[in-house]
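Have a look at the structure below, then the notes.
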Amino acid sequence: MSYDKNNIFAKILRGELPCKKVYENEYVFSFHDIYPQKKIHILVIPKGEYIDFDDFINKALDKEILEFNRAVIYIVKMLKISNQENGYRLLSNIGKDGGQEVSHFHYHIFGGE
């Protein structure tokens with residue numbers, strides 16, 4: 001499977017679709033899910049073109065992988081849901097059978113209840 005440059009997250013990254021941004025750096029963009037499943041439901045995506053977790057781990061530079069994971073920790077601390085508070089759930093669906101709906105690697109961060 002090749003990366004679809006017209007997926008919804010690619011369009012958000014290009015500024016073609018609006019979102020409620022939470023955090024951004026050189027490697028990562030995060031925003032509120034438009035259909036939240038919990039009180040806090042944030043999506044975290046790499047700025048690179050990666051289809052899923054497997055693709056990200058196999059193709060991303062070590063620096064991208066490190067900064068992506070550091071961003072997740074920064075975001076949960078910023079939202080005050082880190083393991084020092086009440087905790088959170090981190091989820092990535094992979095492939096059709098795994099429930100992935102958008103073919104751009106992303107984490108869901110759930111918290112607040």
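Lettering and numbering for the structure tokens are positional, with chains as A, B, ... in the shown order, residues counted from 1 in each chain, and ligands counted from 1 in the shown order.
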For this session: Write out as a count of residues only each polymer residue whose atoms come within 10 Å of Gly87 in chain A, counting only C-alpha atoms; drop sequence neighbours fewer than 5 positions from it.
Result: 9
Exercise. Counting only C-alpha atoms, what is within 12 Å of Tyr23 in chain A, bar same-chain residues fewer than 2 positions away, as a PyMOL selection string?
Worked result: chain A and resi 19-21+25-32+42-46+68+71-79
Exercise. Just asking: which residues within range 9-91 of chain A are strand (DSSP E) according to DSSP, as a ChimeraX atom specification?
Worked result: /A:21-24,28-32,40-46,88-91
For this session: Would you list the contacts of Leu91 in chain A as a ChimeraX atom specification, taking every protein, DNA or RNA residue within 8 Å and counting only C-alpha atoms, but skipping same-chain residues closer than 6 positions in sequence?
Result: /A:107-109
Go ahead and write the residues just picked, all heavy atoms, as a short mmCIF file (atom, residue, chain, number, x, y, z; two decimals), in the first residue's frame.
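Everything below was put into again-v4.cif:
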data_model
loop_
_atom_site.label_atom_id
_atom_site.label_comp_id
_atom_site.auth_asym_id
_atom_site.auth_seq_id
_atom_site.Cartn_x
_atom_site.Cartn_y
_atom_site.Cartn_z
N TYR A 107 -1.69 8.38 16.74
CA TYR A 107 -2.08 7.90 18.06
C TYR A 107 -3.32 8.67 18.48
O TYR A 107 -3.45 9.87 18.21
CB TYR A 107 -1.00 8.20 19.10
CG TYR A 107 0.13 7.21 19.19
CD1 TYR A 107 1.35 7.62 19.73
CD2 TYR A 107 0.02 5.90 18.78
CE1 TYR A 107 2.41 6.74 19.85
CE2 TYR A 107 1.09 5.01 18.89
CZ TYR A 107 2.27 5.46 19.44
OH TYR A 107 3.31 4.58 19.55
N HIS A 108 -4.18 7.96 19.17
CA HIS A 108 -5.30 8.59 19.89
C HIS A 108 -4.85 8.67 21.34
O HIS A 108 -4.37 7.67 21.89
CB HIS A 108 -6.55 7.72 19.84
CG HIS A 108 -7.12 7.52 18.48
ND1 HIS A 108 -8.21 8.23 18.02
CD2 HIS A 108 -6.76 6.67 17.49
CE1 HIS A 108 -8.50 7.83 16.79
NE2 HIS A 108 -7.63 6.87 16.45
N ILE A 109 -5.02 9.83 21.96
CA ILE A 109 -4.81 9.97 23.40
C ILE A 109 -6.19 10.21 24.01
O ILE A 109 -6.87 11.16 23.63
CB ILE A 109 -3.89 11.16 23.74
CG1 ILE A 109 -2.49 10.95 23.14
CG2 ILE A 109 -3.82 11.34 25.25
CD1 ILE A 109 -1.56 12.15 23.33
#
